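S.K.: Sharing protein35.txt, compact mmCIF, C-alpha atoms and all ligand atoms:
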# COMPACT_ATOMS: atom_id res chain seq x y z
CA MET A 183 49.61 7.03 64.05
CA SER A 184 52.00 8.32 61.38
CA ARG A 185 51.17 11.20 59.02
CA PHE A 186 51.04 8.69 56.24
CA ASP A 187 48.50 6.49 58.00
CA GLU A 188 46.42 9.56 58.81
CA ILE A 189 46.30 10.51 55.15
CA ARG A 190 45.41 6.91 54.24
CA GLU A 191 42.53 6.91 56.70
CA LYS A 192 41.31 10.29 55.52
CA PHE A 193 41.50 9.11 51.95
CA LEU A 194 39.45 5.97 52.71
CA GLU A 195 36.91 8.08 54.57
CA GLU A 196 36.54 10.48 51.66
CA ALA A 197 36.42 7.65 49.13
CA LYS A 198 33.27 6.30 50.74
CA GLY A 199 30.19 6.68 48.55
CA ARG A 200 32.13 7.88 45.54
CA THR A 201 30.94 5.55 42.81
CA ASP A 202 30.74 7.83 39.77
CA SER A 203 33.71 8.88 37.65
CA ARG A 204 33.09 12.54 38.26
CA SER A 205 33.45 12.42 42.04
CA ILE A 206 36.36 9.97 41.82
CA TYR A 207 38.10 12.44 39.55
CA GLU A 208 37.60 15.14 42.20
CA LEU A 209 39.23 12.82 44.77
CA ARG A 210 42.13 12.11 42.44
CA LYS A 211 42.70 15.82 42.03
CA LYS A 212 42.55 16.41 45.74
CA TYR A 213 45.27 13.84 46.48
CA LEU A 214 47.39 13.59 43.35
CA ASP A 215 47.23 17.01 41.71
CA ARG A 216 50.79 18.10 40.90
CA LYS A 217 50.40 21.43 42.56
CA ALA A 218 47.57 21.24 45.11
CA GLY A 219 47.42 17.49 45.72
CA GLU A 220 47.89 16.38 49.33
CA VAL A 221 50.45 13.73 48.46
CA ASN A 222 52.59 16.12 46.48
CA ALA A 223 52.38 18.66 49.29
CA LEU A 224 54.28 16.17 51.40
CA MET A 225 57.18 16.33 48.97
CA LYS A 226 57.48 20.04 49.53
CA GLU A 227 58.07 19.32 53.21
CA MET A 228 61.17 17.35 52.31
CA ARG A 229 63.46 20.30 52.93
CA ASN A 230 62.33 20.46 56.57
CA ILE A 231 63.12 16.82 57.21
CA PRO A 232 66.42 16.01 58.90
CA LYS A 233 69.00 14.66 56.52
CA ASP A 234 69.11 11.11 57.87
CA GLU A 235 65.31 10.76 57.70
CA LYS A 236 65.01 12.15 54.18
CA ALA A 237 65.41 8.79 52.42
CA ASP A 238 62.80 7.09 54.58
CA PHE A 239 60.39 9.97 54.21
CA GLY A 240 60.77 9.98 50.45
CA LYS A 241 60.16 6.22 50.31
CA ASN A 242 57.00 6.57 52.39
CA VAL A 243 55.68 9.37 50.23
CA ASN A 244 56.16 7.16 47.17
CA LEU A 245 54.47 4.19 48.88
CA LEU A 246 51.57 6.43 49.80
CA LYS A 247 51.37 7.75 46.27
CA ASP A 248 51.27 4.22 44.85
CA TRP A 249 48.65 3.18 47.38
CA VAL A 250 46.40 6.16 46.58
CA LEU A 251 46.86 5.53 42.87
CA GLU A 252 46.01 1.86 43.22
CA ASN A 253 42.85 2.65 45.15
CA LEU A 254 41.76 5.32 42.72
CA THR A 255 42.37 3.04 39.74
CA LYS A 256 40.23 0.30 41.30
CA MET A 257 37.45 2.78 42.03
CA GLU A 258 37.63 4.20 38.53
CA GLU A 259 37.42 0.78 36.94
CA LYS A 260 34.41 -0.12 39.02
CA ALA A 261 32.71 3.18 38.19
CA ARG A 262 33.39 2.77 34.47
CA GLU A 263 31.91 -0.69 34.51
CA ALA A 264 28.82 0.46 36.38
CA GLU A 265 28.37 3.38 34.05
CA LEU A 266 28.72 1.21 30.99
CA GLN A 267 26.22 -1.22 32.42
CA HIS A 268 23.84 1.65 33.08
CA ARG A 269 24.21 2.82 29.51
CA TYR A 270 23.53 -0.65 28.15
CA GLU A 271 20.38 -0.87 30.20
CA SER A 272 19.10 2.55 29.35
CA GLU A 273 19.71 1.94 25.66
CA LYS A 274 18.22 -1.54 25.71
CA ILE A 275 15.91 -2.30 22.79
CA ASP A 276 13.00 -4.68 23.21
CA VAL A 277 12.95 -6.47 19.90
CA THR A 278 9.65 -8.12 20.78
CA ILE A 279 7.72 -4.82 20.81
CA PRO A 280 5.48 -4.73 17.74
CA ALA A 281 6.73 -2.26 15.14
CA ASP A 282 4.91 1.02 14.63
CA LYS A 283 2.32 0.55 11.91
CA ASP A 284 3.54 1.99 8.65
CA PRO A 285 0.46 3.69 7.34
CA ARG A 286 -0.09 2.44 3.83
CA GLY A 287 -2.62 3.54 1.35
CA ASN A 288 -4.55 1.05 -0.69
CA LEU A 289 -5.67 1.17 -4.25
CA HIS A 290 -8.97 2.84 -5.00
CA PRO A 291 -11.87 0.33 -4.93
CA ILE A 292 -12.49 0.87 -8.65
CA THR A 293 -8.85 0.10 -9.40
CA GLN A 294 -8.98 -2.94 -7.13
CA MET A 295 -12.09 -4.19 -8.91
CA LYS A 296 -10.60 -3.48 -12.33
CA ASN A 297 -7.36 -5.29 -11.44
CA GLN A 298 -9.28 -8.33 -10.24
CA MET A 299 -11.24 -8.45 -13.48
CA VAL A 300 -8.13 -8.01 -15.60
CA ASP A 301 -6.35 -10.78 -13.67
CA ILE A 302 -9.22 -13.20 -14.15
CA PHE A 303 -9.57 -12.60 -17.88
CA ALA A 304 -5.82 -12.41 -18.43
CA GLY A 305 -5.75 -15.88 -16.89
CA MET A 306 -8.10 -16.98 -19.70
CA GLY A 307 -5.76 -15.55 -22.33
CA PHE A 308 -7.30 -12.11 -22.94
CA GLU A 309 -5.08 -9.24 -24.02
CA ILE A 310 -5.65 -5.65 -22.90
CA TYR A 311 -6.57 -2.93 -25.35
CA GLU A 312 -7.09 0.51 -23.86
CA GLY A 313 -8.89 2.76 -26.28
CA THR A 314 -9.21 6.53 -26.16
CA GLU A 315 -11.78 8.53 -24.19
CA ILE A 316 -12.45 10.82 -27.13
CA GLU A 317 -14.05 8.97 -30.00
CA ASN A 318 -15.85 9.94 -33.12
CA ASP A 319 -19.44 9.15 -33.93
CA TYR A 320 -18.44 6.33 -36.26
CA TYR A 321 -16.59 4.22 -33.67
CA ASN A 322 -18.93 4.92 -30.79
CA PHE A 323 -22.20 4.44 -32.68
CA THR A 324 -22.28 3.88 -36.45
CA ALA A 325 -19.82 1.00 -36.73
CA LEU A 326 -21.57 -0.59 -33.76
CA ASN A 327 -24.75 -0.70 -35.84
CA THR A 328 -26.48 2.02 -33.83
CA PRO A 329 -29.23 3.62 -35.94
CA MET A 330 -29.07 7.35 -36.55
CA ASP A 331 -32.23 7.86 -34.52
CA HIS A 332 -31.12 5.73 -31.54
CA PRO A 333 -31.83 7.52 -28.23
CA ALA A 334 -28.25 6.97 -27.00
CA ARG A 335 -27.07 9.39 -29.67
CA ASP A 336 -29.28 12.03 -28.17
CA MET A 337 -27.63 15.19 -26.82
CA GLN A 338 -29.15 14.39 -23.45
CA ASP A 339 -27.27 11.10 -23.22
CA THR A 340 -23.99 11.82 -24.96
CA PHE A 341 -21.43 14.53 -24.32
CA TYR A 342 -20.59 15.88 -27.77
CA LEU A 343 -17.37 17.83 -28.23
CA SER A 344 -18.31 18.76 -31.78
CA PRO A 345 -20.85 17.38 -34.28
CA GLU A 346 -18.38 14.58 -35.01
CA TYR A 347 -16.38 14.04 -31.79
CA LEU A 348 -17.71 12.93 -28.43
CA LEU A 349 -16.68 11.43 -25.11
CA ARG A 350 -17.15 7.70 -25.61
CA THR A 351 -20.33 6.43 -24.00
CA GLN A 352 -19.18 2.82 -23.98
CA THR A 353 -15.95 0.85 -24.18
CA SER A 354 -17.63 -1.04 -27.04
CA ALA A 355 -16.05 1.56 -29.31
CA GLY A 356 -12.75 -0.26 -28.73
CA GLN A 357 -14.14 -3.41 -30.40
CA ILE A 358 -14.15 -1.67 -33.75
CA HIS A 359 -10.58 -0.42 -33.46
CA VAL A 360 -9.38 -3.88 -32.51
CA MET A 361 -11.27 -5.67 -35.29
CA GLU A 362 -10.04 -3.14 -37.85
CA ALA A 363 -6.45 -3.60 -36.77
CA LYS A 364 -6.36 -7.33 -36.22
CA LYS A 365 -7.82 -10.42 -37.84
CA PRO A 366 -9.23 -13.31 -35.76
CA PRO A 367 -8.52 -15.03 -33.46
CA ILE A 368 -9.25 -12.02 -31.26
CA LYS A 369 -9.51 -12.13 -27.48
CA ILE A 370 -9.34 -8.69 -25.93
CA LEU A 371 -10.37 -6.91 -22.79
CA SER A 372 -10.81 -3.18 -22.83
CA PRO A 373 -11.14 -1.33 -19.52
CA GLY A 374 -11.63 2.40 -19.35
CA LYS A 375 -13.65 5.46 -18.48
CA VAL A 376 -16.91 6.23 -20.25
CA PHE A 377 -19.18 9.28 -20.10
CA ARG A 378 -22.91 9.78 -20.13
CA SER A 379 -25.26 12.52 -19.15
CA ASP A 380 -26.69 10.56 -16.26
CA ASP A 381 -26.58 11.34 -12.55
CA ASP A 382 -28.28 9.66 -9.58
CA ALA A 383 -27.45 7.33 -6.67
CA THR A 384 -26.34 4.53 -8.99
CA HIS A 385 -25.24 6.54 -12.05
CA SER A 386 -22.41 9.00 -12.52
CA PRO A 387 -21.59 11.11 -15.60
CA MET A 388 -18.20 9.43 -15.63
CA PHE A 389 -17.81 5.77 -14.85
CA SER A 390 -15.76 2.77 -15.91
CA GLN A 391 -16.50 -0.21 -18.05
CA MET A 392 -14.71 -3.36 -19.05
CA GLU A 393 -15.38 -4.62 -22.53
CA GLY A 394 -14.64 -8.17 -23.61
CA LEU A 395 -14.48 -9.38 -27.20
CA VAL A 396 -13.76 -12.82 -28.59
CA VAL A 397 -13.85 -13.52 -32.32
CA ASP A 398 -12.84 -16.83 -33.84
CA LYS A 399 -14.21 -19.78 -35.78
CA GLY A 400 -17.22 -21.43 -34.14
CA ILE A 401 -17.66 -19.08 -31.15
CA THR A 402 -21.12 -19.31 -29.57
CA LEU A 403 -23.07 -18.01 -26.55
CA CYS A 404 -22.06 -21.20 -24.70
CA ASP A 405 -18.43 -20.01 -24.76
CA LEU A 406 -19.58 -16.71 -23.31
CA GLN A 407 -21.53 -18.31 -20.50
CA GLY A 408 -18.70 -20.70 -19.68
CA MET A 409 -16.27 -17.81 -19.26
CA LEU A 410 -18.72 -15.68 -17.31
CA ASP A 411 -19.45 -18.58 -14.93
CA GLU A 412 -15.75 -18.77 -14.18
CA PHE A 413 -15.59 -14.99 -13.83
CA VAL A 414 -18.46 -14.62 -11.33
CA GLN A 415 -17.15 -17.45 -9.19
CA GLN A 416 -13.79 -15.78 -8.92
CA VAL A 417 -15.24 -12.34 -8.16
CA TYR A 418 -18.25 -13.17 -6.02
CA GLY A 419 -17.36 -16.59 -4.65
CA GLU A 420 -17.65 -20.27 -5.50
CA GLY A 421 -21.12 -21.51 -6.30
CA THR A 422 -22.19 -18.22 -7.95
CA ARG A 423 -24.06 -19.03 -11.17
CA THR A 424 -25.10 -17.00 -14.20
CA ARG A 425 -28.38 -16.69 -16.05
CA LEU A 426 -28.89 -15.18 -19.50
CA ARG A 427 -32.00 -13.14 -20.29
CA PRO A 428 -32.93 -11.94 -23.77
CA SER A 429 -32.22 -8.25 -24.34
CA PHE A 430 -31.33 -5.85 -27.11
CA PHE A 431 -28.14 -4.10 -28.13
CA PRO A 432 -27.60 -2.89 -31.70
CA PHE A 433 -24.15 -4.48 -31.87
CA THR A 434 -25.11 -8.00 -30.79
CA GLU A 435 -27.59 -10.53 -32.09
CA PRO A 436 -28.85 -12.25 -30.05
CA SER A 437 -28.28 -9.93 -27.09
CA VAL A 438 -28.52 -10.90 -23.44
CA GLU A 439 -28.49 -9.39 -19.99
CA VAL A 440 -26.43 -11.54 -17.67
CA ASP A 441 -27.49 -12.05 -14.06
CA CYS A 442 -25.53 -13.82 -11.38
CA SER A 443 -27.08 -15.69 -8.49
CA CYS A 444 -27.24 -13.43 -5.45
CA PHE A 445 -24.01 -13.88 -3.48
CA ALA A 446 -25.58 -12.29 -0.39
CA CYS A 447 -28.41 -14.81 0.05
CA GLY A 448 -27.27 -17.61 -2.25
CA GLY A 449 -30.38 -17.17 -4.40
CA LYS A 450 -33.08 -17.40 -1.73
CA GLY A 451 -34.06 -13.75 -2.10
CA CYS A 452 -32.93 -10.77 -0.01
CA LYS A 453 -32.70 -6.99 0.01
CA LEU A 454 -29.68 -6.89 -2.28
CA CYS A 455 -31.37 -8.94 -5.03
CA LYS A 456 -34.78 -7.42 -4.27
CA GLY A 457 -36.16 -10.82 -3.45
CA THR A 458 -35.43 -12.29 -6.89
CA GLY A 459 -32.30 -14.28 -6.05
CA TRP A 460 -30.55 -12.77 -9.11
CA ILE A 461 -28.46 -9.66 -9.71
CA GLU A 462 -27.92 -8.11 -13.13
CA ILE A 463 -24.22 -7.65 -13.79
CA LEU A 464 -23.59 -7.08 -17.48
CA GLY A 465 -24.76 -6.88 -21.07
CA ALA A 466 -23.50 -9.24 -23.73
CA GLY A 467 -24.30 -11.09 -26.91
CA VAL A 468 -23.14 -12.62 -30.15
CA VAL A 469 -21.38 -9.98 -32.23
CA ASN A 470 -23.81 -8.75 -34.87
CA ASN A 471 -22.87 -9.84 -38.41
CA LYS A 472 -23.15 -6.22 -39.51
CA VAL A 473 -20.48 -5.19 -36.98
CA LEU A 474 -18.14 -7.93 -38.24
CA GLU A 475 -18.75 -6.80 -41.81
CA ASN A 476 -18.11 -3.15 -40.88
CA CYS A 477 -14.67 -4.27 -39.75
CA GLY A 478 -13.96 -6.45 -42.77
CA ILE A 479 -14.42 -9.77 -41.01
CA ASP A 480 -16.40 -12.43 -42.90
CA PRO A 481 -19.37 -13.51 -40.73
CA ASN A 482 -19.62 -16.76 -42.67
CA GLU A 483 -16.18 -17.71 -41.47
CA TYR A 484 -16.03 -16.12 -38.03
CA SER A 485 -18.33 -15.45 -35.14
CA GLY A 486 -17.80 -13.83 -31.80
CA PHE A 487 -19.22 -12.71 -28.51
CA ALA A 488 -18.87 -9.45 -26.64
CA PHE A 489 -19.72 -8.24 -23.19
CA GLY A 490 -19.60 -5.01 -21.23
CA ILE A 491 -19.41 -4.76 -17.44
CA GLY A 492 -19.81 -1.63 -15.35
CA ILE A 493 -16.86 -1.63 -12.96
CA GLU A 494 -18.41 0.74 -10.36
CA ARG A 495 -21.53 -1.39 -10.26
CA ALA A 496 -19.50 -4.58 -9.81
CA ALA A 497 -17.53 -2.90 -6.99
CA MET A 498 -20.67 -1.52 -5.33
CA LEU A 499 -22.21 -4.98 -5.28
CA LYS A 500 -19.07 -6.65 -4.03
CA TYR A 501 -18.22 -4.15 -1.30
CA GLY A 502 -21.78 -3.26 -0.27
CA ILE A 503 -21.69 0.39 -1.40
CA ASN A 504 -25.14 1.85 -1.96
CA ASN A 505 -24.27 5.20 -3.52
CA ILE A 506 -21.91 5.58 -6.47
CA LYS A 507 -20.86 9.03 -5.19
CA LEU A 508 -18.98 7.35 -2.35
CA LEU A 509 -16.58 6.05 -4.98
CA PHE A 510 -15.81 9.54 -6.27
CA GLU A 511 -15.69 11.62 -3.08
CA SER A 512 -12.26 10.41 -1.92
CA ASP A 513 -13.42 10.12 1.69
CA LEU A 514 -10.67 8.10 3.36
CA ARG A 515 -13.11 6.76 5.94
CA VAL A 516 -14.82 4.94 3.09
CA LEU A 517 -11.79 4.09 0.96
CA GLU A 518 -9.76 2.68 3.85
CA GLN A 519 -12.42 0.04 4.46
CA ILE A 520 -11.96 -1.55 1.08
CA ASN A 521 -8.69 -3.41 0.83
CA ASP A 522 -9.20 -6.41 -1.32
CA ALA A 523 -5.90 -6.45 -3.20
N1 LIG A 601 -22.05 -1.15 -24.30
C1 LIG A 601 -23.12 -1.63 -23.48
C2 LIG A 601 -23.51 -0.55 -22.48
O1 LIG A 601 -22.83 0.41 -22.39
C3 LIG A 601 -22.74 -2.84 -22.73
C4 LIG A 601 -22.58 -4.01 -23.65
C5 LIG A 601 -23.64 -4.79 -23.94
C6 LIG A 601 -21.36 -4.29 -24.21
C7 LIG A 601 -23.56 -5.86 -24.80
C8 LIG A 601 -21.22 -5.37 -25.08
C9 LIG A 601 -22.33 -6.14 -25.35
O2 LIG A 601 -20.09 -5.69 -25.65
O3 LIG A 601 -22.20 -7.18 -26.18
O4 LIG A 601 -24.47 -0.68 -21.80
The structure given in the file should be rewritten as structure tokens.
Ligand code: DAH

M.R.:
Amino acid sequence: MSRFDEIREKFLEEAKGRTDSRSIYELRKKYLDRKAGEVNALMKEMRNIPKDEKADFGKNVNLLKDWVLENLTKMEEKAREAELQHRYESEKIDVTIPADKDPRGNLHPITQMKNQMVDIFAGMGFEIYEGTEIENDYYNFTALNTPMDHPARDMQDTFYLSPEYLLRTQTSAGQIHVMEAKKPPIKILSPGKVFRSDDDATHSPMFSQMEGLVVDKGITLCDLQGMLDEFVQQVYGEGTRTRLRPSFFPFTEPSVEVDCSCFACGGKGCKLCKGTGWIEILGAGVVNNKVLENCGIDPNEYSGFAFGIGIERAAMLKYGINNIKLLFESDLRVLEQINDA
């Protein structure tokens, strides 16, 4: 066997099992390195070769060099392909895996409830008027026909900031501002915070109300009930009905409490409606002539209705919350459960 064949055999032997670029590179260095490579070492032997064999020897060295190069190139190509394949596989993305849940907050239940109410009434053509939380005695009480000796004016019920200014106890105060600023037809909705010195499982010193006011020619209680029927069906479900009961508010005459049929039992009687089949949801009435007059609106020409809904109460009924404090404690375990947007 010639030297050249020996080297070829040795090369093939050493090439076995080399499948990664790193070890193939080592092999390339071992055989083709300019200084230490085995093939180049042969060239250095040239001077010891007899003159007439020199040409042949040189040719064989070159053939060997080409052969080694060809083999290495093939191995390198194979290795590169395998390595690329490996990379593709290790970086493979399974597009069918469900995405990580993006934790999203939801609106506070009171805001959700308020938005639902606003949407419903906006759909009936109501405009929004947001009054101010600080009012004076005139707008909160006097203009609303509340007698000087009315218990609501009492220090125990109202937070006074001064003898004249107070934190509004009802969004009804907004009615006066609107009627002073605008002549009929009026159709406004006034949501906002109100304040009363009251604190138990169903009352909080700060809560929210939504006032509605419609003033135009020929407005009656029937218009009120028609709108409220639509309202309760949209909030508490189809088939919910309303019932009006006589009541008293200084700013309406007649005044009514409005009940809706119990949406938990459908009116048969249950724990929620305390066996009556009905749940009280709001106060309302025909705007008192005196209130219209206080705002410069002629009661012989115009009439109107008004209503006031407690938003926390509406939300508590809808979402089954039994203590109003749960709405103010910001406990995410509670708030996360209510996503009705
Ligand atoms: N302001 C009343 C309250 O705070 C609610 C109310 C009752 C508003 C009758 C009205 C109404 O507009 O007509 O309890």

S.K.: At a cut-off of 6 Å, can you tabulate as CSV every residue of chain A near ligand LIG 601 (chain A) together with its closest atom pair and the distance in Å to one decimal, using all atoms listed in the file and ordering rows by chain then number?

M.R.:
residue,atom,partner,partner_atom,distance
A:Gln352,CA,A:LIG601,O1,4.7
A:Ser354,CA,A:LIG601,N1,5.2
A:Glu393,CA,A:LIG601,O2,5.8
A:Phe431,CA,A:LIG601,C7,5.9
A:Thr434,CA,A:LIG601,O3,5.5
A:Gly465,CA,A:LIG601,C5,3.7
A:Ala466,CA,A:LIG601,O3,3.5
A:Gly467,CA,A:LIG601,O3,4.5
A:Ala488,CA,A:LIG601,O3,4.1
A:Phe489,CA,A:LIG601,O2,3.6
A:Gly490,CA,A:LIG601,C6,3.5

S.K.: Hey, can you spit out that residue selection with C-alpha atoms as a PDB file, in the frame of the given file?

M.R.:
ATOM      1  CA  GLN A 352     -19.180   2.820 -23.980  1.00  0.00           C
ATOM      2  CA  SER A 354     -17.630  -1.040 -27.040  1.00  0.00           C
ATOM      3  CA  GLU A 393     -15.380  -4.620 -22.530  1.00  0.00           C
ATOM      4  CA  PHE A 431     -28.140  -4.100 -28.130  1.00  0.00           C
ATOM      5  CA  THR A 434     -25.110  -8.000 -30.790  1.00  0.00           C
ATOM      6  CA  GLY A 465     -24.760  -6.880 -21.070  1.00  0.00           C
ATOM      7  CA  ALA A 466     -23.500  -9.240 -23.730  1.00  0.00           C
ATOM      8  CA  GLY A 467     -24.300 -11.090 -26.910  1.00  0.00           C
ATOM      9  CA  ALA A 488     -18.870  -9.450 -26.640  1.00  0.00           C
ATOM     10  CA  PHE A 489     -19.720  -8.240 -23.190  1.00  0.00           C
ATOM     11  CA  GLY A 490     -19.600  -5.010 -21.230  1.00  0.00           C
TER      12      GLY A 490
END

S.K.: Looking at all atoms listed in the file, which of A:Gln357, A:Ser390, A:Asn242, A:Ser205 is the one that sits closest to Ser184 (chain A)?

M.R.: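 Under the stated criterion, the closest residue is A:Asn242.
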
S.K.: Can you measure CA of His385 (chain A) to CA of Glu511 (chain A) for me? One decimal in Å is fine.

M.R.: 14.1 Å

S.K.: Between CA of Gly394 (chain A) and CA of Thr353 (chain A), what is the spacing in Å?

M.R.: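 CA of Thr353 (chain A) sits 9.1 Å away from CA of Gly394 (chain A).
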
S.K.: In terms of the shortest atom-to-atom distance over all atoms listed in the file, which of A:Lys274, A:Val243, A:Leu410, A:Glu346 is closest to Met306 (chain A)?

M.R.: A:Leu410

S.K.: Padding of 6 Å on every side, edges along x, y and z, all listed atoms of region 212-217 of chain A included: what centre and edge lengths in Å, to one decimal, does that box have, as lines of an AutoDock Vina configuration file?

M.R.:
center_x = 46.7
center_y = 17.5
center_z = 43.7
size_x = 20.2
size_y = 19.8
size_z = 17.6

S.K.: May I ask which of the residues A:Thr314, A:Asn482, A:Asn521, A:Ser386 is the closest one to His290 (chain A), counting only C-alpha atoms?

M.R.: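 Of A:Thr314, A:Asn482, A:Asn521, A:Ser386, the one nearest His290 (chain A), counting only C-alpha atoms, is A:Asn521.
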
S.K.: As an exercise, work out the distance from CA of Phe186 (chain A) to CA of Gly240 (chain A) in Å and give it to one decimal place.

M.R.: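 Computing the Euclidean distance for CA of Phe186 (chain A) and CA of Gly240 (chain A) yields 11.4 Å.
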
S.K.: In terms of the shortest atom-to-atom distance over only C-alpha atoms, which of A:Arg200, A:Ile370, A:Met330, A:Gln391 is closest to Arg350 (chain A)?

M.R.: A:Gln391

S.K.: Enumerate, as a PyMOL selection string, the protein, DNA and RNA residues whose atoms approach (-28.5, 9.7, -20.6) to within 7 Å, taking into account all atoms listed in the file and the coordinate frame of the file.

M.R.: chain A and resi 334+338-340+378-380

S.K.: Out of A:Val417, A:Val376, A:Ile506, A:Leu326, which residue has the shortest atom-to-atom distance to Glu475 (chain A) when counting all atoms listed in the file?

M.R.: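 For Glu475 (chain A), the nearest of the candidates is A:Leu326.
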
S.K.: Just give me the residues with any atom within 12 Å of (53.8, 16.8, 55.2), file coordinates, counting all atoms listed in the file, written as a list in words.

M.R.: Ser184, Arg185, Phe186, Asp187, Glu188, Ile189, Gly219, Glu220, Val221, Asn222, Ala223, Leu224, Met225, Lys226, Glu227, Met228, Arg229, Asn230, Ile231, Phe239, Gly240, Asn242, Val243 and Leu246 of chain A

S.K.: Under the rule that all atoms listed in the file are counted, which of A:Lys365, A:Arg335, A:Lys375, A:Arg423 is the nearest residue to Cys444 (chain A)?

M.R.: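 Nearest candidate to Cys444 (chain A) out of A:Lys365, A:Arg335, A:Lys375, A:Arg423: A:Arg423.
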
S.K.: For Ile463 (chain A), find every residue with an atom within 7 Å (counting only C-alpha atoms), except residues of its own chain fewer than 5 positions away, and show them as a count of residues only.

M.R.: 5

S.K.: Identify, on the basis of only C-alpha atoms, every residue whose closest approach to Glu439 (chain A) does not exceed 6 Å; exclude the query and any residue fewer than 3 positions from it along the same chain; express the result as a ChimeraX atom specification.

M.R.: /A:426-427,429,464-465

S.K.: Quick one: residues within 9 Å of Ile493 (chain A), all atoms listed in the file counted, chain neighbours fewer than 5 positions away excluded, as an MDAnalysis selection string?

M.R.: chainID A and resid 292:293 295:296 299 373 389:392 498

S.K.: Taking 6 positions as the minimum chain separation for residues in the same chain, which residues sit within 9 Å of Leu403 (chain A) when counting all atoms listed in the file? Answer as a list in words.

M.R.: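 Residues near the query, excluding close chain neighbours: Pro436, Gly467, Val468, Gly486 and Phe487 of chain A.
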
S.K.: Using all atoms listed in the file, determine which residues lie at most 8 Å from Gly307 (chain A), disregarding the query and same-chain residues fewer than 3 positions distant; provide the list as a list in words.

M.R.: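 Close residues of Gly307 (chain A): Phe303, Ala304 and Lys369 of chain A.
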